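Undergrad: I'm passing along structure.txt; it holds compact mmCIF, C-alpha atoms.
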# COMPACT_ATOMS: atom_id res chain seq x y z
CA MET I 1015 90.92 106.52 83.09
CA ALA I 1016 94.69 106.38 82.53
CA GLY I 1017 94.20 103.62 79.95
CA LYS I 1018 91.86 105.82 77.93
CA ILE I 1019 94.35 108.70 77.94
CA ILE I 1020 97.19 106.42 76.83
CA SER I 1021 95.00 104.93 74.08
CA ILE I 1022 94.03 108.39 72.84
CA LEU I 1023 97.68 109.51 72.85
CA LEU I 1024 98.71 106.40 70.91
CA LEU I 1025 95.97 106.97 68.33
CA LEU I 1026 96.89 110.64 67.93
CA THR I 1027 100.58 109.75 67.57
CA ALA I 1028 99.77 107.07 64.97
CA ALA I 1029 97.57 109.53 63.04
CA ALA I 1030 100.29 112.20 63.11
CA VAL I 1031 102.97 109.75 61.90
CA GLY I 1032 100.65 108.39 59.19
CA GLY I 1033 99.83 111.92 58.04
CA GLY I 1034 103.53 112.80 57.95
CA VAL I 1035 104.42 109.73 55.89
CA TYR I 1036 101.54 110.43 53.49
CA TYR I 1037 102.61 114.05 53.06
CA ALA I 1038 106.24 113.05 52.49
CA GLN I 1039 105.34 110.52 49.80
CA VAL I 1040 102.75 112.57 47.94
CA TYR I 1041 104.01 116.14 48.35
CA GLY I 1042 107.16 116.45 50.41
CA PHE I 1043 109.90 115.18 48.11
CA TYR I 1044 108.71 116.84 44.90
CA ASP I 1045 110.12 120.08 43.51
CA GLU I 1046 108.91 122.04 40.52
CA VAL I 1047 111.20 121.82 37.49
CA THR I 1048 111.72 125.35 36.21
CA GLU I 1049 114.71 124.94 33.86
CA ALA I 1050 113.43 122.84 30.99
CA ASP I 1051 115.00 121.33 27.91
CA VAL I 1052 113.10 118.73 25.87
CA ARG I 1053 115.55 116.55 23.93
CA LEU I 1054 115.13 113.51 21.71
CA THR I 1055 117.72 111.01 20.48
CA THR I 1056 118.41 111.31 16.74
CA ASN I 1057 118.26 108.32 14.41
CA ALA I 1058 121.37 109.40 12.51
CA THR I 1059 123.89 110.08 15.28
CA ALA I 1060 122.26 108.75 18.49
CA THR I 1061 122.85 112.13 20.12
CA GLN I 1062 120.24 114.20 21.91
CA GLU I 1063 118.83 117.27 20.16
CA PRO I 1064 116.44 119.83 21.60
CA ILE I 1065 113.00 120.13 20.02
CA LEU I 1066 110.64 123.10 19.97
CA PHE I 1067 108.31 123.17 22.95
CA ASP I 1068 106.08 125.47 24.97
CA ALA I 1069 103.92 125.41 28.12
CA PHE I 1070 106.35 123.20 30.08
CA GLU I 1071 105.30 121.92 33.52
CA GLY I 1072 107.52 119.51 35.41
CA ILE I 1073 108.18 117.92 38.78
CA ASP I 1074 111.10 115.89 40.11
CA ALA I 1075 112.23 114.40 43.39
CA TYR I 1076 115.72 113.67 44.63
CA SER I 1077 114.44 110.60 46.47
CA SER I 1078 114.10 108.45 43.32
CA PRO I 1079 115.34 108.63 39.72
CA ILE I 1080 111.90 107.61 38.37
CA ARG I 1081 109.82 110.38 39.96
CA TYR I 1082 110.39 112.85 37.12
CA ARG I 1083 107.23 113.85 35.21
CA ALA I 1084 106.69 116.66 32.73
CA CYS I 1085 104.11 117.97 30.28
CA PHE I 1086 104.56 120.35 27.36
CA THR I 1087 103.27 121.17 23.91
CA THR I 1088 105.15 121.11 20.62
CA PRO I 1089 104.31 122.43 17.14
CA THR I 1090 106.41 119.70 15.47
CA SER I 1091 104.34 117.02 13.73
CA LEU I 1092 104.60 113.31 14.53
CA ALA I 1093 105.62 112.65 10.91
CA THR I 1094 108.64 114.96 11.25
CA LEU I 1095 109.54 113.54 14.64
CA THR I 1096 109.44 109.90 13.46
CA GLU I 1097 111.69 110.68 10.49
CA THR I 1098 114.31 112.31 12.69
CA TYR I 1099 114.18 110.73 16.14
CA GLU I 1100 114.46 107.27 17.66
CA LEU I 1101 111.23 105.58 18.74
CA PHE I 1102 111.14 103.97 22.19
CA ASP I 1103 109.77 100.42 22.43
CA GLY I 1104 108.04 99.29 25.59
CA ALA I 1105 107.04 102.71 26.91
CA GLU I 1106 104.90 102.41 30.03
CA PRO I 1107 103.88 105.76 31.52
CA LEU I 1108 104.22 105.82 35.29
CA ASN I 1109 101.57 107.40 37.51
CA ALA I 1110 102.17 110.93 38.70
CA PRO I 1111 100.91 112.35 42.00
CA TYR I 1112 97.21 113.14 41.70
CA TRP I 1113 97.85 116.86 42.18
CA PHE I 1114 100.09 116.99 39.07
CA ASP I 1115 97.01 116.95 36.87
CA CYS I 1116 98.57 117.55 33.43
CA PHE I 1117 100.06 114.02 33.49
CA ASP I 1118 97.48 111.21 33.22
CA ALA I 1119 99.42 107.95 32.83
CA GLU I 1120 96.34 105.84 32.13
CA ALA I 1121 95.06 108.12 29.34
CA LEU I 1122 98.56 108.42 27.87
CA GLY I 1123 98.98 104.63 27.94
CA ALA I 1124 95.69 104.28 26.05
CA GLU I 1125 96.87 106.80 23.44
CA LEU I 1126 100.17 104.94 23.03
CA ALA I 1127 98.27 101.66 22.58
CA ALA I 1128 95.89 103.25 20.06
CA GLY I 1129 98.75 104.81 18.09
CA THR I 1130 97.55 108.40 18.60
CA ALA I 1131 100.73 109.03 20.59
CA LEU I 1132 104.28 107.86 19.96
CA ALA I 1133 107.10 107.35 22.45
CA PHE I 1134 110.62 108.56 21.66
CA ALA I 1135 113.95 107.98 23.36
CA GLY I 1136 114.83 111.12 25.25
CA GLN I 1137 118.06 109.79 26.68
CA ARG I 1138 119.01 106.17 27.30
CA ASN I 1139 120.84 105.36 30.53
CA PHE I 1140 120.99 109.00 31.62
CA GLU I 1141 121.47 107.37 35.00
CA TYR I 1142 122.53 103.71 35.00
CA GLY I 1143 119.44 101.59 34.32
CA ILE I 1144 117.09 104.55 33.80
CA ASP I 1145 115.88 105.95 30.46
CA ARG I 1146 114.11 109.25 29.80
CA VAL I 1147 111.02 108.66 27.65
CA VAL I 1148 109.23 111.41 25.72
CA ALA I 1149 105.76 110.70 24.34
CA ILE I 1150 104.01 113.05 21.96
CA THR I 1151 100.39 112.87 20.86
CA ALA I 1152 99.00 113.63 17.40
CA ASP I 1153 97.67 116.98 18.66
CA GLY I 1154 101.10 118.09 19.96
CA ARG I 1155 100.80 117.37 23.68
CA GLY I 1156 104.04 115.98 25.09
CA TYR I 1157 104.88 114.00 28.22
CA ILE I 1158 108.18 112.99 29.80
CA TRP I 1159 108.92 110.37 32.45
CA HIS I 1160 111.80 108.19 33.56
CA GLN I 1161 111.54 104.42 33.12
CA VAL I 1162 113.67 101.55 34.37
CA ASN I 1163 115.30 99.69 31.45
CA ASP I 1164 116.57 96.08 31.21
CA CYS I 1165 119.91 96.96 32.81
CA GLY I 1166 118.09 98.63 35.69
CA ASP I 1167 115.84 95.58 36.12
CA LYS I 1168 118.94 93.39 36.39
CA LEU I 1169 120.56 95.80 38.84
CA TYR I 1170 117.51 95.89 41.11
CA ASP I 1171 116.80 92.14 41.07
CA GLY I 1172 120.47 91.20 41.59
CA SER I 1173 121.01 89.49 38.22
CA PRO I 1174 124.36 89.95 36.48
CA ALA I 1175 124.36 92.76 33.93
CA GLY I 1176 124.29 91.59 30.32
CA ASP I 1177 126.67 92.49 27.50
CA ASP I 1178 124.14 95.10 26.30
CA CYS I 1179 124.48 97.10 29.51
CA PRO I 1180 126.96 99.99 29.76
CA GLU I 1181 129.66 100.08 32.43
CA ARG I 1182 128.46 101.37 35.80
CA ASN I 1183 130.20 104.48 37.05
Translate this file's structure into C-alpha cells.
TA:
Amino acid sequence: MAGKIISILLLLTAAAVGGGVYYAQVYGFYDEVTEADVRLTTNATATQEPILFDAFEGIDAYSSPIRYRACFTTPTSLATLTETYELFDGAEPLNAPYWFDCFDAEALGAELAAGTALAFAGQRNFEYGIDRVVAITADGRGYIWHQVNDCGDKLYDGSPAGDDCPERN
C-alpha cells in the first residue's frame, strides 16, 4: 500500500513539474509589446527610419533575444520599400508560440520563397549577433522577428569572430 502512495505522489509531482516547465516555455516568459516602432534600414545612409504602420501586435521575452515576434499592416507598397530600404538575404522566419496566431512562420516562409513577400533589414546587430528582420507581403501585412546572424553563429559555436563582425561590448 505504501508503495502505491509513493508511486502516485511521484507521478503527481512529475506531472506538476512538467506542467510548470511547459507553461514557462510557452506562456510564462512572454510579455505583450505595447510600445511599437517599425523601422527599416535605408539604402542611402544605413540608418533606421520609421515606416507607416497600423494594427501592431507584438510579444517579447527577456529570456532570449530571438523570442521577439510582431505583426502589423502598412499602406506603403513593396515597390516604394525596395527603392528606399535594404533587403535582407537569408531571412528564415522563426516559429512563434501557437497562441500568437497572427504570426505563421511556415506561411510567411512560403511567401518569401514565392516572392510575394520581401524581407528587409530592420536593424543589424541590434544586440551582438542578432538582427531584426522585417518582412512585408504584397498585400501590406508585415512581420518582425529576430534572427541570429553569422557573427552570432560564431559566438554560439565558439568559433573566432571574423573581420566582418563588429566589436563586442
Undergrad: Could you check how far atom CA of I:Gln1137 sits from atom CA of I:Tyr1112, in Å to one decimal?
TA: 25.9 Å
Undergrad: For atom CA of I:Val1147 and atom CA of I:Glu1181, quote the distance in Å rounded to one decimal.
TA: 21.1 Å
Undergrad: Residues proximal to (107.3, 121.4, 15.8) were defined as those with any atom within 10 Å of that point in the file's coordinates, counting all atoms listed in the file. Which are they, as a list in words?
TA: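 Final list of nearby residues, as requested, is Ile1065, Leu1066, Phe1067, Thr1087, Thr1088, Pro1089, Thr1090, Ser1091, Leu1092, Thr1094, Leu1095 and Gly1154 of chain I.
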Undergrad: Calculate how many Å separate atom CA of I:Ala1110 from atom CA of I:Ala1075, rounding to one decimal.
TA: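 One can read the atom CA of I:Ala1110 to atom CA of I:Ala1075 distance as 11.6 Å.
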Undergrad: Find the spatial neighbours of I:Asp1118, counting all atoms listed in the file, within a cut-off of 9 Å - ignore same-chain residues fewer than 4 positions away - and output them as a tab-separated table (two decimals) with C-alpha atoms, in the frame of the given file.
TA:
chain	number	residue	atom	x	y	z
I	1107	PRO	CA	103.88	105.76	31.52
I	1108	LEU	CA	104.22	105.82	35.29
I	1109	ASN	CA	101.57	107.40	37.51
I	1110	ALA	CA	102.17	110.93	38.70
I	1112	TYR	CA	97.21	113.14	41.70
I	1114	PHE	CA	100.09	116.99	39.07
I	1122	LEU	CA	98.56	108.42	27.87
I	1123	GLY	CA	98.98	104.63	27.94
Undergrad: Restricting the calculation to all atoms listed in the file: of I:Leu1054, I:Ala1069, I:Cys1116, I:Val1162, which residue gets closest to I:Tyr1142?
TA: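 Of the candidates, the smallest distance to I:Tyr1142 is held by I:Val1162.
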Undergrad: List the spatial neighbours of I:Asp1167 as number ranges by chain - criterion: any atom at most 12 Å away, only C-alpha atoms, same-chain residues fewer than 4 positions off excluded.
TA: I: 1142-1145, 1161-1163, 1171-1176, 1179
Undergrad: Identify which of the residues I:Ala1119, I:Ala1128, I:Ile1019, I:Tyr1157 lies closest to I:Gly1072, counting only C-alpha atoms when measuring atom-to-atom distances.
TA: I:Tyr1157
Undergrad: Between I:Ala1016, I:Ala1127, I:Ile1080, I:Ala1121, single out the one closest to I:Asp1103, counting all atoms listed in the file.
TA: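 Counting all atoms listed in the file, the residue closest to I:Asp1103 is I:Ala1127.
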Undergrad: Restricting the calculation to only C-alpha atoms, which member of I:Arg1053, I:Phe1043, I:Phe1070, I:Leu1126 is positioned closest to I:Val1148?
TA: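 Closest residue, counting only C-alpha atoms: I:Arg1053.
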Undergrad: Name the closest residue to I:Ile1073 among the candidates I:Gly1034, I:Gly1156, I:Gly1104, I:Pro1111; distances are taken between atoms, counting only C-alpha atoms.
TA: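 Nearest to I:Ile1073: I:Pro1111.
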Undergrad: Nearest residue to I:Asp1153 out of I:Cys1165, I:Ala1131, I:Ala1093, I:Ala1084, using all atoms listed in the file?
TA: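 Under the stated criterion, the closest residue is I:Ala1131.
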Undergrad: Would you list the contacts of I:Thr1055 as an mmCIF file with C-alpha atoms, in the frame of the given file, taking every protein, DNA or RNA residue within 6 Å and counting all atoms listed in the file, but skipping same-chain residues closer than 5 positions in sequence?
TA:
data_model
loop_
_atom_site.group_PDB
_atom_site.id
_atom_site.type_symbol
_atom_site.label_atom_id
_atom_site.label_comp_id
_atom_site.auth_asym_id
_atom_site.auth_seq_id
_atom_site.Cartn_x
_atom_site.Cartn_y
_atom_site.Cartn_z
ATOM 1 C CA ALA I 1060 122.260 108.750 18.490
ATOM 2 C CA THR I 1061 122.850 112.130 20.120
ATOM 3 C CA GLN I 1062 120.240 114.200 21.910
ATOM 4 C CA TYR I 1099 114.180 110.730 16.140
ATOM 5 C CA GLU I 1100 114.460 107.270 17.660
ATOM 6 C CA ALA I 1135 113.950 107.980 23.360
ATOM 7 C CA GLY I 1136 114.830 111.120 25.250
#
Undergrad: Since the input has fewer atoms than a full residue there, write stretch 1066-1077 of chain I out with all heavy atoms, as a CSV table (one decimal), keeping the file's coordinate frame.
TA:
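This went into result_19.csv:
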chain,number,residue,atom,x,y,z
I,1066,LEU,N,111.4,121.9,19.6
I,1066,LEU,CA,110.6,123.1,20.0
I,1066,LEU,C,109.6,122.7,20.9
I,1066,LEU,O,108.9,121.6,20.8
I,1066,LEU,CB,110.0,123.7,18.7
I,1066,LEU,CG,110.9,124.3,17.7
I,1066,LEU,CD1,110.2,124.7,16.5
I,1066,LEU,CD2,111.7,125.5,18.3
I,1067,PHE,N,109.4,123.5,22.0
I,1067,PHE,CA,108.3,123.2,23.0
I,1067,PHE,C,107.8,124.5,23.6
I,1067,PHE,O,108.5,125.5,23.6
I,1067,PHE,CB,108.8,122.2,24.0
I,1067,PHE,CG,109.8,122.7,25.0
I,1067,PHE,CD1,109.4,123.2,26.2
I,1067,PHE,CD2,111.1,122.7,24.6
I,1067,PHE,CE1,110.3,123.7,27.1
I,1067,PHE,CE2,112.1,123.2,25.5
I,1067,PHE,CZ,111.7,123.7,26.7
I,1068,ASP,N,106.7,124.3,24.3
I,1068,ASP,CA,106.1,125.5,25.0
I,1068,ASP,C,105.2,124.9,26.1
I,1068,ASP,O,105.0,123.7,26.2
I,1068,ASP,CB,105.2,126.3,24.0
I,1068,ASP,CG,104.8,127.6,24.5
I,1068,ASP,OD1,105.5,128.1,25.4
I,1068,ASP,OD2,103.8,128.2,24.1
I,1069,ALA,N,104.8,125.8,27.0
I,1069,ALA,CA,103.9,125.4,28.1
I,1069,ALA,C,104.5,124.2,29.0
I,1069,ALA,O,103.7,123.3,29.3
I,1069,ALA,CB,102.5,125.1,27.6
I,1070,PHE,N,105.7,124.3,29.3
I,1070,PHE,CA,106.4,123.2,30.1
I,1070,PHE,C,105.9,123.3,31.5
I,1070,PHE,O,105.9,124.3,32.2
I,1070,PHE,CB,107.9,123.3,30.0
I,1070,PHE,CG,108.6,122.2,30.7
I,1070,PHE,CD1,108.9,121.0,29.9
I,1070,PHE,CD2,109.0,122.3,32.0
I,1070,PHE,CE1,109.6,120.0,30.6
I,1070,PHE,CE2,109.6,121.2,32.6
I,1070,PHE,CZ,109.9,120.1,31.9
I,1071,GLU,N,105.6,122.1,32.1
I,1071,GLU,CA,105.3,121.9,33.5
I,1071,GLU,C,106.0,120.7,33.9
I,1071,GLU,O,105.9,119.6,33.3
I,1071,GLU,CB,103.8,121.7,33.8
I,1071,GLU,CG,102.9,122.9,33.6
I,1071,GLU,CD,101.5,122.5,33.9
I,1071,GLU,OE1,101.2,122.2,35.0
I,1071,GLU,OE2,100.7,122.5,32.9
I,1072,GLY,N,106.8,120.7,35.0
I,1072,GLY,CA,107.5,119.5,35.4
I,1072,GLY,C,107.7,119.4,36.9
I,1072,GLY,O,107.7,120.4,37.6
I,1073,ILE,N,107.9,118.2,37.4
I,1073,ILE,CA,108.2,117.9,38.8
I,1073,ILE,C,109.3,116.9,38.8
I,1073,ILE,O,109.4,116.0,37.9
I,1073,ILE,CB,107.0,117.4,39.6
I,1073,ILE,CG1,106.3,116.2,39.0
I,1073,ILE,CG2,105.9,118.6,39.8
I,1073,ILE,CD1,105.2,115.5,39.8
I,1074,ASP,N,110.0,116.9,39.9
I,1074,ASP,CA,111.1,115.9,40.1
I,1074,ASP,C,111.3,115.7,41.6
I,1074,ASP,O,110.9,116.6,42.4
I,1074,ASP,CB,112.4,116.3,39.4
I,1074,ASP,CG,113.4,115.2,39.2
I,1074,ASP,OD1,113.0,114.0,39.6
I,1074,ASP,OD2,114.5,115.5,38.8
I,1075,ALA,N,111.9,114.6,42.0
I,1075,ALA,CA,112.2,114.4,43.4
I,1075,ALA,C,113.6,113.8,43.5
I,1075,ALA,O,114.0,112.9,42.7
I,1075,ALA,CB,111.2,113.5,44.0
I,1076,TYR,N,114.4,114.2,44.4
I,1076,TYR,CA,115.7,113.7,44.6
I,1076,TYR,C,115.7,112.3,45.3
I,1076,TYR,O,116.7,111.6,45.3
I,1076,TYR,CB,116.6,114.6,45.5
I,1076,TYR,CG,116.0,114.8,46.9
I,1076,TYR,CD1,116.3,114.0,47.9
I,1076,TYR,CD2,115.2,115.9,47.1
I,1076,TYR,CE1,115.8,114.2,49.2
I,1076,TYR,CE2,114.7,116.1,48.4
I,1076,TYR,CZ,115.0,115.3,49.4
I,1076,TYR,OH,114.4,115.4,50.7
I,1077,SER,N,114.5,111.9,45.8
I,1077,SER,CA,114.4,110.6,46.5
I,1077,SER,C,114.4,109.4,45.6
I,1077,SER,O,114.6,108.3,46.0
I,1077,SER,CB,113.2,110.6,47.4
I,1077,SER,OG,112.0,110.7,46.6
